[in-house]
Amino acid sequence: GAVMIGMGERTTPQAVSLLAKNLFKAGAATAVLAVLLPASRSYMHLDTVMTMVDRDAITAYPNVIDGARVWKLRPGDSPEHLVMEEEPDGLIGAMKRALGIDELRVIYTGGDEFAAAREQWDDGNNVVAVEPGVVVGYSKNEYTNRKLRAAGIEVLEIEPEHVRNLWENTNYFKKEIQSMGFDTGNTETPIIPVMCGESHKAKALSDFMFGKGCFALPIVFPMVARDKARIRVQMN
């Protein structure tokens, strides 16, 4: 299979290469597609500008996706050797080859230029596919949800009260964890980093929280600088 990874503010080419080597060694993938994202907070992750919504369809923000450069990584002659080639016809062509399909439906962010920019910022393209052709998205992204439905995608909308509850939980967690002396960085989303400094401390804290029934992913070197290890907690 193939894995696609965005290279933006939070993911370096070195991290992509390391992950690709580990995937190939484990037999978990035969190819990795590395997608270059603009250095902007609006496009920090690949799923903020593109998500697969069906076996042959994606939702995408055209201002980023249409001009994105893509490199294909595949195993070389040894476990430490990678072969890297830039895809000649961008993201859509690379995805069609990786998926083994002749056509890929692209459902762009809805609305005019200004509405599309707002809905991209509001995660209009960052839906969750619960099965092929069925996604969960925010109700506020009316134009994009309408285009998805017109393309035959079932959209299950998150109602505003759920969003309010999410932010209430987020603000409560940040306030309480900061009162205990923890640094939560400069996050403005319900994904909250708890800074630990050294990688072994982040791993230990993650293991402790997992034992308490909380999933908190450790983010360690080389994903971040050696002294910037953290755990990542996501509210719901």
# chains A, B, ... in the order shown; residues from 1 in each chain; ligands from 1
>>> select_by_dssp(residues="segment 45-198 of chain A", states="strand (DSSP E or B)", output="JSON list (two decimals) with N, CA and C atoms, in the first residue's frame")
[["chain", "number", "residue", "atom", "x", "y", "z"],
["A", 50, "MET", "N", -6.99, 18.49, 2.39],
["A", 50, "MET", "CA", -7.39, 17.35, 1.56],
["A", 50, "MET", "C", -7.74, 16.15, 2.43],
["A", 51, "THR", "N", -8.85, 15.49, 2.12],
["A", 51, "THR", "CA", -9.23, 14.26, 2.80],
["A", 51, "THR", "C", -9.88, 13.32, 1.79],
["A", 52, "MET", "N", -9.58, 12.05, 1.87],
["A", 52, "MET", "CA", -10.29, 11.07, 1.04],
["A", 52, "MET", "C", -11.67, 10.85, 1.63],
["A", 53, "VAL", "N", -12.69, 10.90, 0.76],
["A", 53, "VAL", "CA", -14.07, 10.75, 1.21],
["A", 53, "VAL", "C", -14.73, 9.52, 0.60],
["A", 54, "ASP", "N", -14.10, 8.93, -0.39],
["A", 54, "ASP", "CA", -14.58, 7.69, -1.00],
["A", 54, "ASP", "C", -13.39, 7.01, -1.65],
["A", 57, "ALA", "N", -12.55, 9.38, -4.46],
["A", 57, "ALA", "CA", -12.90, 10.79, -4.33],
["A", 57, "ALA", "C", -12.19, 11.43, -3.15],
["A", 58, "ILE", "N", -11.84, 12.71, -3.33],
["A", 58, "ILE", "CA", -11.26, 13.50, -2.25],
["A", 58, "ILE", "C", -11.99, 14.84, -2.18],
["A", 59, "THR", "N", -11.97, 15.45, -1.01],
["A", 59, "THR", "CA", -12.34, 16.86, -0.90],
["A", 59, "THR", "C", -11.04, 17.64, -0.75],
["A", 60, "ALA", "N", -10.93, 18.77, -1.42],
["A", 60, "ALA", "CA", -9.64, 19.46, -1.47],
["A", 60, "ALA", "C", -9.82, 20.96, -1.58],
["A", 70, "VAL", "N", 4.93, 16.94, -5.19],
["A", 70, "VAL", "CA", 4.84, 15.64, -4.53],
["A", 70, "VAL", "C", 6.06, 14.81, -4.92],
["A", 71, "TRP", "N", 6.65, 14.14, -3.93],
["A", 71, "TRP", "CA", 7.74, 13.22, -4.16],
["A", 71, "TRP", "C", 7.33, 11.81, -3.74],
["A", 72, "LYS", "N", 7.70, 10.84, -4.53],
["A", 72, "LYS", "CA", 7.43, 9.44, -4.21],
["A", 72, "LYS", "C", 8.69, 8.80, -3.65],
["A", 73, "LEU", "N", 8.59, 8.20, -2.47],
["A", 73, "LEU", "CA", 9.69, 7.46, -1.86],
["A", 73, "LEU", "C", 9.38, 5.98, -1.93],
["A", 74, "ARG", "N", 10.37, 5.19, -2.31],
["A", 74, "ARG", "CA", 10.21, 3.74, -2.34],
["A", 74, "ARG", "C", 11.50, 3.08, -1.86],
["A", 75, "PRO", "N", 11.42, 1.81, -1.48],
["A", 75, "PRO", "CA", 12.63, 1.14, -0.95],
["A", 75, "PRO", "C", 13.75, 1.09, -1.98],
["A", 82, "LEU", "N", 16.80, 4.90, 0.31],
["A", 82, "LEU", "CA", 15.52, 5.26, -0.27],
["A", 82, "LEU", "C", 15.72, 5.78, -1.69],
["A", 83, "VAL", "N", 14.77, 5.48, -2.55],
["A", 83, "VAL", "CA", 14.73, 6.06, -3.88],
["A", 83, "VAL", "C", 13.64, 7.13, -3.87],
["A", 84, "MET", "N", 13.99, 8.34, -4.27],
["A", 84, "MET", "CA", 13.03, 9.45, -4.23],
["A", 84, "MET", "C", 12.93, 10.09, -5.61],
["A", 85, "GLU", "N", 11.70, 10.25, -6.08],
["A", 85, "GLU", "CA", 11.45, 10.84, -7.39],
["A", 85, "GLU", "C", 10.29, 11.81, -7.28],
["A", 86, "GLU", "N", 10.42, 12.99, -7.89],
["A", 86, "GLU", "CA", 9.31, 13.93, -7.90],
["A", 86, "GLU", "C", 8.26, 13.47, -8.91],
["A", 105, "ARG", "N", -12.14, 11.63, -8.41],
["A", 105, "ARG", "CA", -13.06, 12.76, -8.28],
["A", 105, "ARG", "C", -12.53, 13.74, -7.24],
["A", 106, "VAL", "N", -12.49, 15.01, -7.60],
["A", 106, "VAL", "CA", -12.00, 16.05, -6.69],
["A", 106, "VAL", "C", -13.16, 16.99, -6.38],
["A", 107, "ILE", "N", -13.57, 17.02, -5.12],
["A", 107, "ILE", "CA", -14.68, 17.87, -4.68],
["A", 107, "ILE", "C", -14.06, 19.06, -3.95],
["A", 108, "TYR", "N", -14.04, 20.20, -4.60],
["A", 108, "TYR", "CA", -13.35, 21.35, -4.05],
["A", 108, "TYR", "C", -14.16, 22.02, -2.94],
["A", 128, "VAL", "N", -13.97, 13.59, 8.66],
["A", 128, "VAL", "CA", -13.55, 12.25, 9.10],
["A", 128, "VAL", "C", -14.36, 11.23, 8.32],
["A", 129, "ALA", "N", -13.69, 10.40, 7.53],
["A", 129, "ALA", "CA", -14.36, 9.36, 6.77],
["A", 129, "ALA", "C", -14.57, 8.14, 7.66],
["A", 130, "VAL", "N", -15.82, 7.85, 7.99],
["A", 130, "VAL", "CA", -16.12, 6.69, 8.84],
["A", 130, "VAL", "C", -16.25, 5.42, 8.01],
["A", 131, "GLU", "N", -16.52, 5.58, 6.73],
["A", 131, "GLU", "CA", -16.48, 4.49, 5.76],
["A", 131, "GLU", "C", -16.50, 5.13, 4.39],
["A", 134, "VAL", "N", -19.03, 8.07, 3.41],
["A", 134, "VAL", "CA", -19.72, 8.60, 4.58],
["A", 134, "VAL", "C", -18.70, 9.36, 5.43],
["A", 135, "VAL", "N", -18.97, 10.65, 5.70],
["A", 135, "VAL", "CA", -18.01, 11.47, 6.45],
["A", 135, "VAL", "C", -18.73, 12.23, 7.56],
["A", 136, "VAL", "N", -17.94, 12.65, 8.54],
["A", 136, "VAL", "CA", -18.41, 13.52, 9.61],
["A", 136, "VAL", "C", -17.75, 14.88, 9.43],
["A", 137, "GLY", "N", -18.55, 15.95, 9.45],
["A", 137, "GLY", "CA", -18.01, 17.29, 9.27],
["A", 137, "GLY", "C", -18.79, 18.30, 10.09],
["A", 138, "TYR", "N", -18.25, 19.52, 10.15],
["A", 138, "TYR", "CA", -18.90, 20.59, 10.90],
["A", 138, "TYR", "C", -20.09, 21.14, 10.11],
["A", 154, "GLU", "N", -22.36, 11.06, 1.81],
["A", 154, "GLU", "CA", -23.22, 11.30, 2.96],
["A", 154, "GLU", "C", -22.43, 12.07, 4.02],
["A", 155, "VAL", "N", -22.97, 13.22, 4.45],
["A", 155, "VAL", "CA", -22.29, 14.06, 5.43],
["A", 155, "VAL", "C", -23.08, 14.04, 6.74],
["A", 156, "LEU", "N", -22.45, 13.56, 7.79],
["A", 156, "LEU", "CA", -23.05, 13.57, 9.12],
["A", 156, "LEU", "C", -22.50, 14.81, 9.83],
["A", 157, "GLU", "N", -23.37, 15.75, 10.14],
["A", 157, "GLU", "CA", -22.92, 17.04, 10.65],
["A", 157, "GLU", "C", -22.82, 17.06, 12.17],
["A", 158, "ILE", "N", -21.73, 17.66, 12.65],
["A", 158, "ILE", "CA", -21.57, 17.91, 14.09],
["A", 158, "ILE", "C", -22.33, 19.19, 14.41],
["A", 191, "ILE", "N", -6.31, 20.34, 20.21],
["A", 191, "ILE", "CA", -5.15, 19.44, 20.30],
["A", 191, "ILE", "C", -4.09, 20.18, 21.11],
["A", 192, "ILE", "N", -3.85, 19.72, 22.33],
["A", 192, "ILE", "CA", -3.06, 20.48, 23.29],
["A", 192, "ILE", "C", -1.73, 19.77, 23.57],
["A", 193, "PRO", "N", -0.61, 20.45, 23.35],
["A", 193, "PRO", "CA", 0.68, 19.86, 23.72],
["A", 193, "PRO", "C", 0.96, 20.09, 25.20],
["A", 194, "VAL", "N", 1.54, 19.11, 25.84],
["A", 194, "VAL", "CA", 2.05, 19.27, 27.20],
["A", 194, "VAL", "C", 3.56, 19.09, 27.11],
["A", 195, "MET", "N", 4.29, 20.18, 27.24],
["A", 195, "MET", "CA", 5.72, 20.17, 26.99],
["A", 195, "MET", "C", 6.46, 19.40, 28.09],
["A", 196, "CYS", "N", 7.36, 18.52, 27.66],
["A", 196, "CYS", "CA", 8.12, 17.70, 28.61],
["A", 196, "CYS", "C", 9.63, 17.93, 28.51],
["A", 197, "GLY", "N", 10.09, 18.49, 27.40],
["A", 197, "GLY", "CA", 11.52, 18.73, 27.23],
["A", 197, "GLY", "C", 12.24, 17.55, 26.62]]
>>> residues_around(residues="Glu80 of chain A", least_positions_apart="4", cutoff="12 Å", atoms="only C-alpha atoms", output="PyMOL selection string")
chain A and resi 17-25+74-76
>>> write_last_selection(atoms="N, CA and C atoms", output="PDB file, in the first residue's frame")
ATOM      1  N   SER A  17      11.410  10.903   5.721  1.00  0.00           N
ATOM      2  CA  SER A  17      12.342   9.845   5.306  1.00  0.00           C
ATOM      3  C   SER A  17      12.473   8.772   6.380  1.00  0.00           C
ATOM      4  N   LEU A  18      12.580   9.190   7.636  1.00  0.00           N
ATOM      5  CA  LEU A  18      12.693   8.228   8.735  1.00  0.00           C
ATOM      6  C   LEU A  18      11.443   7.364   8.834  1.00  0.00           C
ATOM      7  N   LEU A  19      10.275   7.988   8.733  1.00  0.00           N
ATOM      8  CA  LEU A  19       9.030   7.223   8.789  1.00  0.00           C
ATOM      9  C   LEU A  19       8.928   6.265   7.614  1.00  0.00           C
ATOM     10  N   ALA A  20       9.315   6.723   6.433  1.00  0.00           N
ATOM     11  CA  ALA A  20       9.259   5.859   5.251  1.00  0.00           C
ATOM     12  C   ALA A  20      10.135   4.620   5.439  1.00  0.00           C
ATOM     13  N   LYS A  21      11.349   4.808   5.957  1.00  0.00           N
ATOM     14  CA  LYS A  21      12.235   3.664   6.199  1.00  0.00           C
ATOM     15  C   LYS A  21      11.594   2.664   7.157  1.00  0.00           C
ATOM     16  N   ASN A  22      10.994   3.175   8.223  1.00  0.00           N
ATOM     17  CA  ASN A  22      10.376   2.284   9.205  1.00  0.00           C
ATOM     18  C   ASN A  22       9.161   1.567   8.622  1.00  0.00           C
ATOM     19  N   LEU A  23       8.378   2.259   7.805  1.00  0.00           N
ATOM     20  CA  LEU A  23       7.233   1.616   7.159  1.00  0.00           C
ATOM     21  C   LEU A  23       7.696   0.510   6.212  1.00  0.00           C
ATOM     22  N   PHE A  24       8.736   0.786   5.451  1.00  0.00           N
ATOM     23  CA  PHE A  24       9.233  -0.207   4.504  1.00  0.00           C
ATOM     24  C   PHE A  24       9.823  -1.412   5.236  1.00  0.00           C
ATOM     25  N   LYS A  25      10.570  -1.153   6.316  1.00  0.00           N
ATOM     26  CA  LYS A  25      11.160  -2.255   7.083  1.00  0.00           C
ATOM     27  C   LYS A  25      10.089  -3.164   7.668  1.00  0.00           C
ATOM     28  N   ARG A  74      10.366   5.189  -2.308  1.00  0.00           N
ATOM     29  CA  ARG A  74      10.214   3.739  -2.340  1.00  0.00           C
ATOM     30  C   ARG A  74      11.499   3.085  -1.864  1.00  0.00           C
ATOM     31  N   PRO A  75      11.424   1.810  -1.477  1.00  0.00           N
ATOM     32  CA  PRO A  75      12.628   1.142  -0.950  1.00  0.00           C
ATOM     33  C   PRO A  75      13.747   1.089  -1.982  1.00  0.00           C
ATOM     34  N   GLY A  76      14.971   1.213  -1.480  1.00  0.00           N
ATOM     35  CA  GLY A  76      16.140   1.095  -2.329  1.00  0.00           C
ATOM     36  C   GLY A  76      16.766  -0.280  -2.220  1.00  0.00           C
TER      37      GLY A  76
END
>>> closest_residue(among="A:Ala28, A:Val16, A:Leu33, A:Ala116", to="Met4 of chain A", atoms="only C-alpha atoms")
A:Leu33
>>> closest_residue(among="A:Ser139, A:Asn125, A:Pro13, A:Gly100", to="Glu161 of chain A", atoms="only C-alpha atoms")
A:Ser139
>>> closest_residue(among="A:Val49, A:Met223, A:Asn186, A:Lys174", to="Gln14 of chain A", atoms="only C-alpha atoms")
A:Met223
>>> atom_distance(atom1="atom CA of Val35 of chain A", atom2="atom CA of Gly6 of chain A")
4.7 Å
>>> atom_distance(atom1="atom CA of Met235 of chain A", atom2="atom CA of Trp121 of chain A")
19.1 Å
>>> closest_residue(among="A:Ala94, A:Val163, A:Ala15, A:Met7", to="Pro222 of chain A", atoms="only C-alpha atoms")
A:Ala15
>>> closest_residue(among="A:Val127, A:Met44, A:Ala2, A:Ala216", to="Arg97 of chain A", atoms="only C-alpha atoms")
A:Ala2
